[in-house]
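What follows is a set of notes on a single structure, which appears directly below.
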Amino acid sequence: MATSGPNLGLGSAVATALETADNDRGFSLGGGLFNRGDDRKTVTFGDSAAVKSLPGWSVVSLIGMIALWFVSTRAWGLDDVWRTTGDSQQTFLANCDKDPACAGSYSQWLGYRKFPSPGDTWRGFRELSSEGFQNITLWQHTWSSLSRVLRGMFFGVLFGVPVGLAMGLSSAARGFFDTIVELLRPIPPFALIPLFILMFGIGDPPAVRLLIFASIWIMIIAARSGVRAANLSKVRAAYSLGATKWQVLTRVLIPNALPELFTGLRVALGVSWGTLVAAELVGARDGLGQMIFAARPFFRLDVVVVGIIVISVLGVLMDVFLRFLESILIPWRGKG
Amino acid sequence: MKDLSVKNLEMVYKVPKSTDVHALSDVSFDVPAGRLLTLLGPSGCGKTTLLNILAGFLAPTGGSVTLGGEPITGPSEDRGMVFQQGALFEWLSVEKNISFGPRMKKADKAATEANVEELLYTVGLGGFGDKQVYELSGGMQQRVALARCLANDPDVILMDEPLGALDALTREKMQGLILKLWKETGKTVILVTHSVEEALYLGDMLFVMAPRPGRIEKVYELPFAAQGLESDARELKASAEFIEKREEVLSLIWEMEEEIMGRN
Ligand SMILES: Nc1ncnc2c1ncn2[C@@H]1O[C@H](COP(=O)(O)OP(=O)(O)O)[C@@H](O)[C@H]1O
Ligand SMILES: [Mg+2]
């Protein structure tokens, strides 16, 4: 454990270093949007600790992506097609259907298929939030999806964690569940969609069950490796201090496994979120995946893109939320 | 206070697809209550194995171990253990780490709190109760480990290279603390170390162990631990008497090492 570190010549950094017992942490290099701060290191190429994500470049890439989207959709002329028709593509579609020249024109069909511009997407988003698509608003779709993921994860954790703990605690449980886990885990949830639809119908039941399937193996493995990660000295110390088996489980093994469990939770959330869209594509009456798929036959690519963006943003938000929760609940992570 | 008694202890590790390891062979000794026994020997001579058997983490393949006449069959709060490192509960504060044992027994809260407060001062961590253990240096973490062990008021304290991961200066300070605690509490202490100087300075009784099979090669009764509290540590370690003993033990260990090398 380091008790003194190099003076970085940065007032706040030194102050922080003096306050914390171990200044390997607690350091901030200062640094700015495009400047990683001066740690006086001469070798940084290959020193992973010296590489950080410069926020300025993240802003550049975000703006760049939107700009590229803007420019490329304009260049392909999609805006022209939709601009001539006013705000509502549905009106355009209706008018076009009446006009044989329009409906039959291959280039016009191609026009519908082109990628919507940021403006189109924004209009689509406004329409989706107020009127909705097929009378279901974006927020109802989002909530359906979110609630499916949460239910799937809830049961995945509820069944997966105890099984994983048992596998880390008992050789019999380990042997018993090893076969099951090893055989079922490699099955891609998508492969089960047809089966689940036939077994559980459409709507929530197959979707939620599919999400349980997607998350349960991850949680089992997370809990199992969490228990196995426990330092034997900790467990032995607890027994020597008079702890019972139950106390060792609840006061030592489970807190000790929290970092692994959280990692599992984040992985499971990512996988569930991805699986959900596929599950809804085929077997649901609402939800973001269903919305995306339902929009396709109507050439409502703006709806599709809005759906994709909402899925992406929500995925990021949930991960950020979990990381935030993690920093509050397990501040000792990586410091043991 | 309870005496510890070890008789004809045997420990053979079964190793799959290899020859068995005879980790301890016919080990017998008694540790009267209140002694400080240090164990010294080359790596692999069974020190950790012996300590684990005394702690009750391992069942020997032969012989018996009793504490106060009662056979040792598993871990228990009458035998506390201090590990080299990594045995603190990093999700708990310093205070909660120390009070872990009493809390498991659901001991009286106010009494435990007062006891913890006192222990914090005893080990030199006054005012650090609310800190998280990962905020502490290695030496301070070992102080917490000692306090946590003492909070349970065990009869015997077992330590497996407790200072092995510390830098030389911190180590000397901690040696002083261990001596002080031993004197103040009057508990039996068994301490494994790979430092000859530490073994001589801390032990009022020293076993030098030999490997293959692990056994007690030589037993020393030592005066230094008793003097250690009154006199200056550095002065004591530089005294002619101390140096003479140190060289004697060192040459014994060197002989063993050469024998091991010769056999390979
Ligand atoms: N679980 C085990 N299985 C097999 N052999 C072991 C095991 N633990 C220790 N040993 C062997 O027993 C001998 C004594 O080990 P140990 O008690 O750790 O020695 P020390 O602590 O003195 O270095 C060594 O040869 C070691 O390899
Ligand atoms: Mg050892």
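Chain identifiers are assigned as A, B, and so on, following the order in which chains appear in the structure tokens; residues are numbered from 1 within each chain, and ligands are numbered from 1 in order of appearance.
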| task | For chain A, work out the contacting residues on chain B at 6 Å, counting only C-alpha atoms, and write them as a count of residues only. | result | 10
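Each residue with an atom within 7 Å of any atom of ligand 1 appears in the list, which was built counting only C-alpha atoms and all ligand atoms: Tyr13, Lys14, Val15, Val21, His22, Ala23, Gly41, Pro42, Ser43, Gly44, Cys45, Gly46, Lys47, Thr48, Thr49, Leu50 and Gly214 of chain B.
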| message | Give me, as a VMD selection string, all polymer residues having an atom no more than 9 Å from Leu269 of chain A, counting only C-alpha atoms and skipping those fewer than 3 positions away in the same chain. | response | chain A and resid 149 to 150 153 215 264 to 266 272 to 274 315 318 to 319
| said: Excluding Ala199 of chain B and its own-chain neighbours fewer than 2 positions away, which residues fall within 10 Å of it when counting only C-alpha atoms? Please give them as JSON, numbers by chain. | reply: {"B": [37, 38, 39, 40, 191, 192, 193, 194, 195, 196, 197, 201, 202, 203, 204, 205, 206, 207, 208, 222, 225, 246, 249]}
Any chance you could export the current selection's N, CA and C atoms as a CSV table (one decimal), in the first residue's frame?
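Produced file result-v2.csv, reproduced below:
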```
chain,number,residue,atom,x,y,z
B,37,LEU,N,4.6,-18.8,21.5
B,37,LEU,CA,5.4,-19.7,20.8
B,37,LEU,C,5.6,-19.2,19.3
B,38,THR,N,6.8,-19.2,18.9
B,38,THR,CA,7.0,-18.8,17.5
B,38,THR,C,7.5,-20.1,16.7
B,39,LEU,N,7.0,-20.2,15.5
B,39,LEU,CA,7.4,-21.4,14.6
B,39,LEU,C,8.2,-20.8,13.5
B,40,LEU,N,9.3,-21.5,13.2
B,40,LEU,CA,10.2,-21.0,12.2
B,40,LEU,C,10.7,-22.2,11.4
B,191,LEU,N,2.8,-18.0,16.7
B,191,LEU,CA,3.1,-17.1,15.6
B,191,LEU,C,4.0,-17.8,14.6
B,192,VAL,N,3.6,-17.9,13.4
B,192,VAL,CA,4.5,-18.4,12.4
B,192,VAL,C,5.2,-17.3,11.7
B,193,THR,N,6.5,-17.4,11.5
B,193,THR,CA,7.2,-16.3,10.8
B,193,THR,C,8.3,-17.0,9.9
B,194,HIS,N,8.8,-16.2,8.9
B,194,HIS,CA,10.0,-16.7,8.2
B,194,HIS,C,11.2,-15.8,8.5
B,195,SER,N,11.0,-14.9,9.5
B,195,SER,CA,12.1,-14.1,9.9
B,195,SER,C,12.7,-14.6,11.2
B,196,VAL,N,14.0,-14.9,11.1
B,196,VAL,CA,14.7,-15.5,12.3
B,196,VAL,C,14.7,-14.4,13.4
B,197,GLU,N,14.9,-13.2,13.0
B,197,GLU,CA,15.0,-12.1,14.0
B,197,GLU,C,13.6,-12.0,14.7
B,201,TYR,N,12.9,-12.5,18.6
B,201,TYR,CA,12.5,-11.4,19.4
B,201,TYR,C,11.1,-11.6,20.1
B,202,LEU,N,10.2,-12.2,19.3
B,202,LEU,CA,8.8,-12.3,19.8
B,202,LEU,C,8.6,-13.6,20.7
B,203,GLY,N,9.3,-14.7,20.3
B,203,GLY,CA,9.0,-15.9,21.0
B,203,GLY,C,9.6,-16.0,22.4
B,204,ASP,N,8.8,-16.5,23.4
B,204,ASP,CA,9.5,-16.9,24.6
B,204,ASP,C,9.7,-18.4,24.5
B,205,MET,N,9.3,-18.9,23.4
B,205,MET,CA,9.5,-20.3,23.1
B,205,MET,C,9.6,-20.4,21.6
B,206,LEU,N,10.6,-21.1,21.0
B,206,LEU,CA,10.7,-21.2,19.6
B,206,LEU,C,10.9,-22.6,19.1
B,207,PHE,N,10.1,-23.0,18.1
B,207,PHE,CA,10.3,-24.3,17.5
B,207,PHE,C,10.9,-24.1,16.1
B,208,VAL,N,12.0,-24.7,15.8
B,208,VAL,CA,12.6,-24.7,14.5
B,208,VAL,C,12.1,-26.0,13.8
B,222,LEU,N,13.5,-18.9,25.2
B,222,LEU,CA,14.1,-17.6,24.9
B,222,LEU,C,13.8,-16.6,25.9
B,225,ALA,N,11.7,-12.1,24.6
B,225,ALA,CA,10.4,-11.5,24.6
B,225,ALA,C,10.1,-10.9,26.0
B,246,ARG,N,20.9,-15.7,17.0
B,246,ARG,CA,20.4,-15.6,15.7
B,246,ARG,C,21.3,-16.4,14.7
B,249,VAL,N,20.6,-20.2,15.1
B,249,VAL,CA,19.4,-20.6,14.4
B,249,VAL,C,19.5,-20.5,12.9
```
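Considering only C-alpha atoms, the residue among A:Leu165, A:Leu146, A:Ala284, A:Leu128 positioned nearest to Phe200 of chain A is A:Ala284.
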| query | Neighbours of Leu67 of chain B within 10 Å (only C-alpha atoms; same-chain residues fewer than 5 positions away dropped), as a PyMOL selection string? | reply | chain B and resi 1-6+30-33+54+72+78-79+155-156
| task | Mind the document's chain letters and residue numbers, and return as a ChimeraX atom specification the residues of segment 160-205 of chain B that DSSP labels alpha helix (DSSP H). | result | /B:168-185,196-202
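What separates atom CA of Met65 of chain A from atom CA of Phe45 of chain A is a distance of 27.3 Å.
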